[in-house]
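Q: Contents of structure18.cif (mmCIF, C-alpha atoms):
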data_start
loop_
_atom_site.label_atom_id
_atom_site.label_comp_id
_atom_site.auth_asym_id
_atom_site.auth_seq_id
_atom_site.Cartn_x
_atom_site.Cartn_y
_atom_site.Cartn_z
CA MET A 57 116.76 121.53 109.41
CA THR A 58 116.65 118.52 107.11
CA GLU A 59 114.27 117.96 104.19
CA ILE A 60 113.40 114.31 103.55
CA THR A 61 110.87 112.30 101.59
CA LYS A 62 109.07 109.35 103.19
CA ASN A 63 105.86 107.38 102.88
CA ILE A 64 103.39 108.80 105.38
CA HIS A 65 99.94 107.84 106.61
CA LEU A 66 98.04 111.02 107.51
CA ILE A 67 95.15 110.33 109.89
CA SER A 68 91.86 111.80 108.68
CA ASP A 69 89.74 111.23 111.80
CA HIS A 70 91.52 112.55 114.88
CA ALA A 71 88.67 111.65 117.25
CA ILE A 72 88.58 107.92 116.48
CA SER A 73 88.88 106.61 120.01
CA ALA A 74 86.82 109.23 121.84
CA LYS A 75 83.83 106.89 121.86
CA ILE A 76 85.70 103.60 122.11
CA LYS A 77 85.39 102.23 125.62
CA THR A 78 85.33 98.45 125.23
CA THR A 79 87.45 95.82 123.51
CA ASP A 80 84.54 94.90 121.20
CA GLN A 81 84.23 98.54 120.08
CA ALA A 82 87.98 98.69 119.47
CA ILE A 83 87.90 95.50 117.37
CA ASP A 84 85.01 96.87 115.31
CA ALA A 85 87.05 100.03 114.71
CA LEU A 86 89.99 98.00 113.42
CA ILE A 87 87.67 97.02 110.55
CA THR A 88 85.72 100.24 109.97
CA LEU A 89 88.86 102.38 109.85
CA GLY A 90 89.81 100.49 106.72
CA ASP A 91 93.13 100.04 104.98
CA PRO A 92 95.50 102.97 105.69
CA VAL A 93 96.03 105.41 102.83
CA VAL A 94 99.74 106.14 102.35
CA THR A 95 101.25 108.97 100.31
CA GLU A 96 104.79 110.08 99.61
CA GLU A 97 105.47 113.33 101.43
CA THR A 98 108.44 115.71 101.52
CA PHE A 99 108.81 117.59 104.78
CA ASN A 100 111.31 119.21 107.09
CA ILE A 101 112.52 117.49 110.24
CA PHE A 102 114.61 118.72 113.16
CA HIS A 103 113.52 122.32 112.78
CA ASN A 104 113.70 124.73 115.71
CA ILE A 105 111.04 124.47 118.39
CA PRO A 106 108.26 127.03 117.83
CA THR A 107 108.81 128.68 121.20
CA ASN A 108 105.91 131.09 120.67
CA ASN A 109 103.64 128.06 121.08
CA THR A 110 105.37 126.47 124.08
CA ILE A 111 105.24 127.16 127.78
CA PRO A 112 108.14 129.43 128.82
CA LEU A 113 111.01 127.72 130.61
CA ALA A 114 111.33 130.48 133.21
CA ARG A 115 110.21 129.28 136.62
CA THR A 116 109.69 131.59 139.56
CA GLN A 117 109.29 129.08 142.35
CA LEU A 118 111.74 126.48 143.66
CA ALA A 119 111.25 124.06 146.52
CA VAL A 120 112.92 120.96 147.88
CA ALA A 121 111.04 117.87 149.05
CA GLY A 122 113.02 116.77 152.08
CA LYS A 123 116.68 117.72 152.31
CA LEU A 124 119.39 117.39 149.70
CA SER A 125 122.52 115.45 150.67
CA PHE A 126 124.61 118.23 149.10
CA GLN A 127 124.51 122.03 148.94
CA MET A 128 123.54 123.85 145.77
CA SER A 129 122.39 127.38 144.99
CA GLU A 130 119.31 128.47 143.06
CA ARG A 131 121.67 129.68 140.34
CA ASP A 132 123.13 126.16 140.10
CA VAL A 133 119.61 124.73 139.84
CA SER A 134 118.62 127.07 137.01
CA ARG A 135 121.90 126.60 135.15
CA ILE A 136 121.80 122.80 135.20
CA ILE A 137 118.13 122.69 134.21
CA GLY A 138 118.78 125.08 131.34
CA ASN A 139 121.86 123.11 130.27
CA ILE A 140 119.94 119.81 130.10
CA VAL A 141 116.96 121.39 128.34
CA GLN A 142 119.29 122.80 125.69
CA ILE A 143 120.78 119.33 125.10
CA LEU A 144 117.42 117.52 124.93
CA ARG A 145 115.95 120.12 122.58
CA SER A 146 118.65 119.52 119.98
CA PRO A 147 118.46 116.43 117.71
CA ARG A 148 122.06 117.14 116.70
CA SER A 149 123.14 117.00 120.35
CA ILE A 150 121.12 113.83 120.98
CA ALA A 151 122.78 112.15 118.00
CA LYS A 152 126.23 113.26 119.15
CA HIS A 153 125.84 111.89 122.66
CA LEU A 154 124.25 108.57 121.62
CA HIS A 155 126.91 107.90 118.97
CA ASN A 156 129.15 105.93 121.34
CA LEU A 157 126.29 103.70 122.50
CA ASN A 158 125.11 103.17 118.92
CA HIS A 159 128.63 102.16 117.88
CA GLU A 160 129.09 99.65 120.71
CA LEU A 161 125.60 98.22 120.18
CA GLY A 162 126.45 97.64 116.52
CA LEU A 163 129.64 95.77 117.46
CA ARG A 164 127.78 93.52 119.89
CA MET A 165 124.95 92.79 117.46
CA ALA A 166 127.46 91.89 114.75
CA ALA A 167 129.33 89.62 117.18
CA ASP A 168 126.04 87.80 117.85
CA GLY A 169 125.23 87.52 114.15
CA ILE A 170 122.45 90.12 114.27
CA HIS A 171 122.27 92.21 111.11
CA PHE A 172 119.83 94.76 109.69
CA SER A 173 119.51 96.66 106.41
CA GLU A 174 117.39 99.43 104.91
CA ALA A 175 114.89 96.72 103.94
CA ASP A 176 114.15 96.39 107.67
CA LEU A 177 112.66 99.88 108.04
CA PRO A 178 108.91 100.59 108.52
CA GLN A 179 106.60 100.41 105.51
CA TYR A 180 105.60 103.99 106.33
CA LEU A 181 105.38 106.51 109.17
CA ILE A 182 102.14 107.46 110.91
CA ALA A 183 101.58 111.17 111.55
CA GLY A 184 100.49 110.98 115.18
CA LYS A 185 99.79 113.51 117.90
CA CYS A 186 102.79 115.89 118.07
CA HIS A 187 105.18 113.37 116.48
CA PHE A 188 105.57 110.66 113.88
CA ILE A 189 105.16 107.01 114.89
CA ALA A 190 107.01 104.17 113.20
CA GLY A 191 104.47 102.24 111.16
CA PRO A 192 104.15 98.49 110.59
CA LYS A 193 107.05 96.17 109.90
CA PRO A 194 107.88 95.22 106.31
CA GLU A 195 106.20 92.21 104.77
CA ASN A 196 108.18 89.02 105.52
CA TYR A 197 110.16 90.77 108.27
CA VAL A 198 112.04 88.31 110.50
CA PHE A 199 112.28 89.11 114.21
CA ARG A 200 115.76 89.02 115.74
CA LYS A 201 116.65 87.31 118.99
CA LYS A 202 118.62 90.08 120.65
CA ASN A 203 119.11 88.62 124.14
CA TYR A 204 118.58 91.97 125.87
CA LEU A 205 121.79 93.40 124.35
CA LEU A 206 120.76 97.04 124.79
CA ASP A 207 119.48 96.46 128.30
CA LYS A 208 122.77 94.84 129.32
CA LEU A 209 124.89 97.47 127.57
CA LEU A 210 123.07 100.27 129.37
CA LEU A 211 123.32 98.36 132.64
CA GLU A 212 127.09 98.03 132.30
CA ARG A 213 127.41 101.78 131.85
CA GLU A 214 125.01 102.51 134.69
CA MET A 215 126.95 100.25 137.07
CA ALA A 216 130.21 101.94 136.10
CA ASP A 217 128.48 105.23 136.90
CA GLY A 218 127.44 104.10 140.39
CA ILE A 219 123.76 103.34 139.77
CA ASN A 220 121.84 100.07 139.39
CA VAL A 221 124.79 98.58 141.24
CA GLU A 222 122.89 95.39 142.10
CA GLY A 223 123.81 94.23 138.60
CA TYR A 224 120.33 93.81 137.16
CA SER A 225 117.87 96.29 135.74
CA ALA A 226 114.33 97.07 136.82
CA GLU A 227 111.07 97.34 134.91
CA PHE A 228 108.07 99.46 135.85
CA SER A 229 104.81 97.74 134.89
CA GLY A 230 102.28 100.54 134.77
CA PHE A 231 101.92 103.60 136.94
CA ILE A 232 103.98 103.55 140.12
CA PRO A 233 102.80 106.03 142.80
CA PHE A 234 105.13 109.04 142.85
CA GLY A 235 106.30 108.36 146.38
CA GLU A 236 107.23 104.78 145.56
CA ALA A 237 108.89 105.69 142.26
CA ASN A 238 110.87 108.48 143.92
CA LYS A 239 112.08 106.15 146.66
CA PHE A 240 113.33 103.69 144.06
CA VAL A 241 115.15 106.38 142.06
CA LEU A 242 116.65 107.97 145.18
CA ASP A 243 118.19 104.63 146.06
CA GLY A 244 120.25 104.93 142.88
CA HIS A 245 118.13 103.23 140.24
CA LEU A 246 117.04 103.81 136.68
CA PHE A 247 114.37 101.67 135.08
CA SER A 248 112.81 100.43 131.86
CA GLU A 249 109.05 100.37 131.30
CA ASN A 250 106.69 97.60 130.21
CA GLU A 251 105.40 98.56 126.77
CA GLN A 252 102.30 96.35 126.98
CA VAL A 253 100.76 98.49 129.72
CA ASP A 254 98.48 101.37 128.69
CA ASN A 255 100.17 103.38 125.90
CA THR A 256 103.77 102.91 127.06
CA ILE A 257 104.64 101.54 123.62
CA LEU A 258 104.56 105.19 122.47
CA HIS A 259 106.51 106.42 125.51
CA GLY A 260 109.26 103.89 124.98
CA LYS A 261 110.83 101.21 127.14
CA TYR A 262 114.29 102.77 127.38
CA SER A 263 113.57 106.50 127.06
CA HIS A 264 114.76 107.53 130.53
CA ARG A 265 117.80 105.27 130.56
CA LEU A 266 118.83 106.60 127.15
CA ALA A 267 118.44 110.16 128.46
CA PHE A 268 120.96 109.41 131.20
CA GLU A 269 123.30 107.92 128.61
CA ILE A 270 123.12 111.31 126.89
CA PHE A 271 123.92 113.06 130.18
CA ARG A 272 126.94 110.80 130.76
CA GLU A 273 128.38 111.46 127.32
CA ALA A 274 127.55 115.18 127.50
CA GLN A 275 129.67 115.47 130.64
CA LYS A 276 132.62 113.82 128.88
CA SER A 277 132.42 116.29 125.99
CA GLY A 278 131.94 119.30 128.26
CA ASP A 279 128.43 120.00 126.97
CA LEU A 280 126.96 119.32 130.43
CA ASN A 281 128.61 120.83 133.49
CA LEU A 282 127.48 119.36 136.82
CA GLU A 283 130.08 121.21 138.89
CA LEU A 284 128.38 123.46 141.44
CA SER A 285 129.47 126.95 142.44
CA ASN A 286 130.88 125.52 145.70
CA GLY A 287 133.23 123.25 143.73
CA HIS A 288 131.29 120.02 144.29
CA LYS A 289 130.55 117.98 141.17
CA LEU A 290 127.30 116.01 141.18
CA THR A 291 127.57 112.26 140.80
CA THR A 292 124.89 110.50 138.75
CA LYS A 293 123.20 109.33 141.94
CA GLU A 294 123.17 112.94 143.19
CA LEU A 295 121.80 114.05 139.82
CA LEU A 296 118.93 111.59 140.35
CA GLU A 297 118.39 113.07 143.81
CA PHE A 298 118.40 116.59 142.37
CA MET A 299 115.84 115.64 139.72
CA VAL A 300 113.48 113.98 142.18
CA LYS A 301 113.71 116.26 145.22
CA VAL A 302 113.90 119.71 143.64
CA LYS A 303 110.46 121.00 142.64
CA ILE A 304 109.76 123.85 140.25
CA GLY A 305 106.73 125.81 139.15
CA SER A 306 105.21 129.18 138.47
CA PHE A 307 104.66 131.76 141.18
CA GLU A 308 100.90 131.14 141.30
CA ASP A 309 101.26 127.37 141.77
CA LYS A 310 100.35 125.78 145.08
CA PRO A 311 103.14 123.72 146.68
CA SER A 312 101.28 120.52 145.78
CA GLU A 313 101.20 121.59 142.12
CA LEU A 314 104.96 121.98 141.75
CA SER A 315 106.55 119.39 139.48
CA SER A 316 109.86 117.64 139.97
CA VAL A 317 112.86 118.52 137.84
CA TRP A 318 112.62 114.95 136.51
CA ALA A 319 109.08 115.59 135.23
CA HIS A 320 110.08 118.98 133.85
CA LEU A 321 113.08 117.63 131.95
CA MET A 322 112.19 114.08 130.90
CA ASP A 323 108.43 113.49 131.25
CA CYS A 324 107.24 116.76 129.82
CA VAL A 325 105.26 117.88 126.79
CA ASP A 326 105.93 121.61 127.20
CA ASP A 327 107.79 121.64 123.89
CA SER A 328 104.94 119.95 122.02
CA VAL A 329 103.14 122.40 119.80
CA TYR A 330 99.94 124.15 120.82
CA LEU A 331 99.99 122.79 124.34
CA GLU A 332 99.80 126.21 125.97
CA SER A 333 96.88 127.39 123.84
CA SER A 334 95.14 124.04 124.37
CA ILE A 335 95.26 124.54 128.13
CA HIS A 336 94.33 128.21 128.20
CA SER A 337 91.98 128.42 125.23
CA ASP A 338 88.25 127.74 125.30
CA ASN A 339 88.59 126.15 121.86
CA LEU A 340 90.68 123.09 122.77
CA TYR A 341 89.60 120.95 119.85
CA GLU A 342 90.52 123.47 117.17
CA ASP A 343 94.10 123.40 118.44
CA TYR A 344 93.94 119.63 119.00
CA TYR A 345 93.71 118.90 115.28
CA GLU A 346 96.80 121.02 114.63
CA MET A 347 98.84 118.58 116.73
CA PHE A 348 98.59 115.99 113.93
CA ASP A 349 100.13 118.29 111.30
CA PRO A 350 103.80 117.32 110.74
CA ASP A 351 104.60 120.95 109.92
CA ASN A 352 103.83 121.72 113.57
CA TYR A 353 105.97 118.98 115.12
CA SER A 354 108.87 119.87 117.40
CA TYR A 355 111.77 117.49 117.99
CA SER A 356 112.49 117.73 121.68
CA ALA A 357 113.48 114.68 123.73
CA ARG A 358 111.92 116.20 126.83
CA ASN A 359 108.81 114.36 125.65
CA PRO A 360 109.77 110.65 125.88
CA ALA A 361 107.34 109.75 123.09
CA VAL A 362 109.00 112.27 120.78
CA PHE A 363 112.42 110.95 121.86
CA LYS A 364 111.46 107.39 120.91
CA ALA A 365 109.91 108.61 117.65
CA MET A 366 113.12 110.40 116.68
CA LEU A 367 115.13 107.21 117.16
CA THR A 368 112.69 104.77 115.51
CA CYS A 369 111.63 107.03 112.62
CA PHE A 370 114.84 108.93 111.86
CA GLY A 371 117.67 106.89 113.32
CA ARG A 372 119.50 106.68 110.00
CA GLU A 373 119.22 110.45 109.48
CA LEU A 374 120.72 110.89 112.96
CA GLY A 375 123.52 108.39 112.35
CA LEU A 376 121.99 106.03 114.92
CA SER A 377 120.88 103.16 112.69
CA ASN A 378 121.84 100.42 115.17
CA LEU A 379 119.66 101.94 117.87
CA GLN A 380 116.88 102.50 115.34
CA HIS A 381 116.79 98.88 114.20
CA TYR A 382 117.08 97.51 117.73
CA LEU A 383 114.19 99.64 118.99
CA LEU A 384 112.07 98.97 115.90
CA ASP A 385 112.47 95.23 116.32
CA SER A 386 111.38 95.56 119.95
CA GLN A 387 108.41 97.79 119.06
CA TRP A 388 107.18 95.40 116.39
CA LYS A 389 107.39 92.49 118.84
CA GLN A 390 105.21 94.47 121.25
CA MET A 391 102.77 95.30 118.44
CA GLU A 392 102.63 91.60 117.57
CA LYS A 393 101.39 90.92 121.11
CA ILE A 394 98.73 93.63 120.78
CA ILE A 395 97.60 92.23 117.41
CA THR A 396 97.45 88.70 118.85
CA ARG A 397 95.41 89.94 121.83
CA ALA A 398 92.94 91.68 119.48
CA LYS A 399 92.52 88.48 117.44
CA GLU A 400 92.02 86.39 120.60
CA ASN A 401 89.27 88.77 121.74
CA ASP A 402 87.61 88.74 118.30
CA THR A 403 84.92 86.22 119.23
CA ALA A 404 82.88 87.07 116.12
CA GLY A 405 85.83 86.42 113.80
CA ILE A 406 85.50 89.77 112.00
CA LEU A 407 89.28 90.21 111.78
CA THR A 408 89.70 87.08 109.70
CA GLY A 409 91.35 88.00 106.41
CA ILE A 410 92.39 91.46 107.62
CA SER A 411 96.13 92.09 107.21
CA ASP A 412 98.33 92.57 110.26
CA THR A 413 99.54 95.80 108.61
CA GLN A 414 96.03 97.24 108.73
CA ILE A 415 95.41 96.00 112.27
CA ALA A 416 98.72 97.37 113.54
CA THR A 417 98.18 100.84 112.04
CA ASN A 418 94.60 101.10 113.25
CA CYS A 419 95.65 99.98 116.73
CA ILE A 420 98.08 102.92 116.83
CA LYS A 421 95.37 105.31 115.64
CA ILE A 422 93.04 104.16 118.40
CA MET A 423 95.82 104.82 120.92
CA VAL A 424 96.47 108.42 119.85
CA CYS A 425 93.18 109.83 118.53
CA ASP A 426 91.53 110.38 121.91
CA LEU A 427 90.69 114.13 121.86
CA ASN A 428 93.15 114.75 124.71
CA PRO A 429 96.14 117.07 124.82
CA PRO A 430 99.49 115.22 124.71
CA ASN A 431 99.97 115.27 128.49
CA ILE A 432 96.83 113.15 129.03
CA VAL A 433 96.90 109.42 128.27
CA SER A 434 93.56 107.65 127.98
CA PRO A 435 93.07 104.00 128.99
CA ASN A 436 93.14 101.85 125.90
CA PRO A 437 91.07 98.66 125.48
CA LEU A 438 93.73 97.17 123.18
CA THR A 439 96.52 97.32 125.75
CA ILE A 440 96.49 95.95 129.28
CA ARG A 441 96.26 97.44 132.74
CA ALA A 442 99.03 96.99 135.27
CA ASP A 443 96.80 94.79 137.45
CA GLU A 444 96.27 92.39 134.52
CA ILE A 445 99.94 91.43 134.29
CA ASP A 446 100.81 87.91 135.36
CA ARG A 447 103.59 88.43 137.90
CA SER A 448 103.93 84.77 138.80
CA LYS A 449 107.03 84.52 136.60
CA LYS A 450 108.42 87.92 137.57
CA ARG A 451 110.72 88.58 140.50
CA ALA A 452 110.08 91.64 142.64
CA PHE A 453 113.06 93.96 142.69
CA GLY A 454 112.91 94.15 146.46
CA ALA A 455 110.43 93.79 149.29
CA GLU A 456 110.92 97.46 150.17
CA TYR A 457 109.62 98.60 146.76
CA ASP A 458 106.26 98.61 144.98
CA ASP A 459 105.44 95.13 143.67
CA LYS A 460 105.03 96.53 140.12
CA ILE A 461 108.81 97.15 140.11
CA THR A 462 110.32 93.89 138.94
CA VAL A 463 113.67 92.51 137.81
CA LYS A 464 114.03 92.84 134.04
CA THR A 465 117.33 91.05 133.32
CA ARG A 466 119.41 88.57 135.23
CA LYS A 467 122.49 89.75 137.06
CA LEU A 468 125.49 90.47 134.86
CA ALA A 469 127.74 87.43 135.02
CA ALA A 470 131.17 87.91 136.57
CA ARG A 471 131.87 91.30 135.05
CA THR A 472 133.76 93.59 137.38
CA LEU A 473 133.37 97.35 137.32
CA SER A 474 136.97 97.65 136.12
CA GLN A 475 136.19 95.40 133.14
CA ILE A 476 133.12 97.43 132.36
CA GLY A 477 135.10 100.66 132.53
CA THR A 478 137.73 99.21 130.20
CA THR A 479 135.04 98.22 127.68
CA ILE A 480 133.60 101.74 127.63
CA GLU A 481 137.05 103.32 127.33
CA ARG A 482 137.92 101.00 124.44
CA SER A 483 134.71 101.95 122.65
CA ASP A 484 135.54 105.64 123.11
CA LYS A 485 138.95 105.16 121.54
CA ALA A 486 137.55 103.20 118.60
CA ILE A 487 135.23 106.08 117.77
CA SER A 488 137.89 108.75 118.19
CA HIS A 489 140.06 106.98 115.63
#
How would this structure read if it were set down as structure tokens?

A:
Amino acid sequence: MTEITKNIHLISDHAISAKIKTTDQAIDALITLGDPVVTEETFNIFHNIPTNNTIPLARTQLAVAGKLSFQMSERDVSRIIGNIVQILRSPRSIAKHLHNLNHELGLRMAADGIHFSEADLPQYLIAGKCHFIAGPKPENYVFRKKNYLLDKLLLEREMADGINVEGYSAEFSGFIPFGEANKFVLDGHLFSENEQVDNTILHGKYSHRLAFEIFREAQKSGDLNLELSNGHKLTTKELLEFMVKVKIGSFEDKPSELSSVWAHLMDCVDDSVYLESSIHSDNLYEDYYEMFDPDNYSYSARNPAVFKAMLTCFGRELGLSNLQHYLLDSQWKQMEKIITRAKENDTAGILTGISDTQIATNCIKIMVCDLNPPNIVSPNPLTIRADEIDRSKKRAFGAEYDDKITVKTRKLAARTLSQIGTTIERSDKAISH
């Protein structure tokens, strides 16, 4: 547990967006919510998950959708799930296994003349639903042209690991039907997500790809063991298959209600406080307000929004400052688009003279204060729907996939897998010394 002092904006009205249905109502709220009040707060981060308030990890029902291309026992399933959960629940473990990536990213940014300092951190943090959210950029902040450095770095490592072997990464723009998303993943792909769609800016563009970076490094250190009881060791592509095809749930669940291991491990809010009582209690809203209390936060990367928050809010505390600054710069660019869209839709001109700092913070508050538990995301009039994206300049990843799966970056130029492997090995050695 770490005690730190930071400037925090504590939200007073947690039901702000419950009645906001239109863009005009949202723009009005950007004014009526006023200038955010910020106070200096001392609090503990990275404390243990309050397991008395979370759904138990024990699952009594396992199923497989289709047939696995390898043999594994129920004991193997439970062990690997438990192993990954233990890693993702530990900020210390997350920091350890992202250290290599953070180091290499720093080298590449420096080589491209990209530099950050403590002056490039958020003005304050926003105490959101179940986690902090990085607040607005500093005054006079200058955006960096990063040329997709993190995307390309992750892609190199993914290719060396036998996935995304086409040499370019994919982006999901909005909700992809489960069947279509599963097909894409089963073909050996990971993906980024478009942060302009719905509330994906909170979920994070790279959350799932960064999780697999953690799994890769955890195997190297021996913290994650993917060797099965029959002696077979899962490849990363087989791990993807395991996560998508194996379904888990409680004994009383219907087969259609079972969730995939992927959802259970990486798209899950089970570790977020008060979720269980919110679902089973008649008094949902009493528990709902407790979700905004930082003393009740848990720091588990099983929730992708919490994972992103840990990196953008506490990257320096985790020893991941390069990742923190890279992701913050990207988040603020996305917020700039949301602010611009709000101003363009302000036909009455009521936002004239209002600071971007106030608009940005109040946009975030409208996104999170929706009277829903953390596993429900409401449509937001300040962001866009998937069907509103102009795909005329986007290239579909492949005709066999959903058209909302598009190519994110161009193919890596003339880099062989052996070169990529050498780069990663060299980075490992630099850190070990």

Q: Can I get the residues of range 208-315 of chain A within 8 Å of range 359-377 of chain A, each with the closest pair of atoms and their distance in Å to one decimal, using all atoms listed in the file, sorted chain first then ascending number, as a tab-separated table?

A:
residue	atom	partner	partner_atom	distance
A:Leu258	CA	A:Ala361	CA	5.4
A:His259	CA	A:Ala361	CA	4.2
A:Gly260	CA	A:Lys364	CA	5.8
A:Ser263	CA	A:Pro360	CA	5.7
A:His264	CA	A:Pro360	CA	7.5

Q: CA of Ala167 in chain A to CA of Asp207 in chain A: how many Å, to one decimal?

A: 16.4 Å

Q: For a test of reading the model, state the distance in Å between CA of Asp243 in chain A and CA of Leu124 in chain A, rounded to one decimal.

A: 13.3 Å

Q: Pick out the closest residue to Asp458 in chain A from this set: A:Glu236, A:Asp323, A:Asp91, A:Glu269. Count only C-alpha atoms.

A: A:Glu236

Q: Report, in Å with one decimal, the straight-line distance from CA of Ser225 in chain A to CA of Leu205 in chain A.

A: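 Value for the CA of Ser225 in chain A-CA of Leu205 in chain A distance: 12.4 Å.
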
Q: Just checking: using all atoms listed in the file, which residue out of A:Asn352, A:Asn139, A:Asn158, A:Ser328 ends up closest to Leu383 in chain A?

A: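 When distances to Leu383 in chain A are compared using all atoms listed in the file, the smallest one comes from A:Asn158.
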
Q: Please give the centre and size of the box around range 371-387 of chain A (axis-aligned, containing every atom listed in the file, 4 Å added per side), with values in Å to one decimal and written as JSON.

A:
{"center_x": 116.0, "center_y": 103.1, "center_z": 114.7, "size_x": 23.1, "size_y": 23.7, "size_z": 18.5}

Q: What's the 10 Å shell around Gln179 in chain A, counting all atoms listed in the file, without same-chain residues fewer than 6 positions away, as number ranges by chain?

A: A: 62-64, 94, 190-195, 413

Q: Residues within 12 Å of Glu97 in chain A, please, as JSON, numbers by chain. Count all atoms listed in the file; anything in the same chain fewer than 4 positions from it doesn't count.

A: {"A": [59, 60, 61, 62, 63, 64, 65, 66, 180, 181, 182, 183, 350, 351]}

Q: Restricted to C-alpha atoms, what would the selected residues look like written as a tab-separated table (two decimals), in the coordinates of the input?

A:
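Full text of part_35.tsv as output:
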chain	number	residue	atom	x	y	z
A	59	GLU	CA	114.27	117.96	104.19
A	60	ILE	CA	113.40	114.31	103.55
A	61	THR	CA	110.87	112.30	101.59
A	62	LYS	CA	109.07	109.35	103.19
A	63	ASN	CA	105.86	107.38	102.88
A	64	ILE	CA	103.39	108.80	105.38
A	65	HIS	CA	99.94	107.84	106.61
A	66	LEU	CA	98.04	111.02	107.51
A	180	TYR	CA	105.60	103.99	106.33
A	181	LEU	CA	105.38	106.51	109.17
A	182	ILE	CA	102.14	107.46	110.91
A	183	ALA	CA	101.58	111.17	111.55
A	350	PRO	CA	103.80	117.32	110.74
A	351	ASP	CA	104.60	120.95	109.92

Q: Once the PyMOL selection byres ((chain A and resi 316) around 9) has been applied to the shown file, what residues remain in the selection, as a count of residues only?

A: 15

Q: Some atoms are absent from range 260-273 of chain A, so rebuild N, CA and C atoms and return them as a tab-separated table (two decimals), in the frame of the given file.

A:
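Printed below is result_1.tsv as written:
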chain	number	residue	atom	x	y	z
A	260	GLY	N	107.98	104.54	125.17
A	260	GLY	CA	109.26	103.89	124.98
A	260	GLY	C	109.77	103.20	126.22
A	261	LYS	N	110.30	102.00	126.04
A	261	LYS	CA	110.83	101.21	127.14
A	261	LYS	C	112.08	101.83	127.76
A	262	TYR	N	112.97	102.34	126.91
A	262	TYR	CA	114.29	102.77	127.38
A	262	TYR	C	114.47	104.29	127.43
A	263	SER	N	113.42	105.05	127.24
A	263	SER	CA	113.57	106.50	127.06
A	263	SER	C	114.37	107.16	128.18
A	264	HIS	N	114.07	106.85	129.43
A	264	HIS	CA	114.76	107.53	130.53
A	264	HIS	C	116.20	107.05	130.68
A	265	ARG	N	116.43	105.79	130.46
A	265	ARG	CA	117.80	105.27	130.56
A	265	ARG	C	118.66	105.83	129.44
A	266	LEU	N	118.09	106.00	128.25
A	266	LEU	CA	118.83	106.60	127.15
A	266	LEU	C	119.12	108.07	127.42
A	267	ALA	N	118.19	108.76	128.10
A	267	ALA	CA	118.44	110.16	128.46
A	267	ALA	C	119.66	110.28	129.37
A	268	PHE	N	119.79	109.35	130.31
A	268	PHE	CA	120.96	109.41	131.20
A	268	PHE	C	122.24	109.00	130.48
A	269	GLU	N	122.14	108.19	129.45
A	269	GLU	CA	123.30	107.92	128.61
A	269	GLU	C	123.75	109.22	127.94
A	270	ILE	N	122.79	110.01	127.48
A	270	ILE	CA	123.12	111.31	126.89
A	270	ILE	C	123.82	112.20	127.91
A	271	PHE	N	123.31	112.22	129.14
A	271	PHE	CA	123.92	113.06	130.18
A	271	PHE	C	125.35	112.62	130.47
A	272	ARG	N	125.58	111.30	130.50
A	272	ARG	CA	126.94	110.80	130.76
A	272	ARG	C	127.91	111.25	129.67
A	273	GLU	N	127.50	111.09	128.43
A	273	GLU	CA	128.38	111.46	127.32
A	273	GLU	C	128.54	112.98	127.22
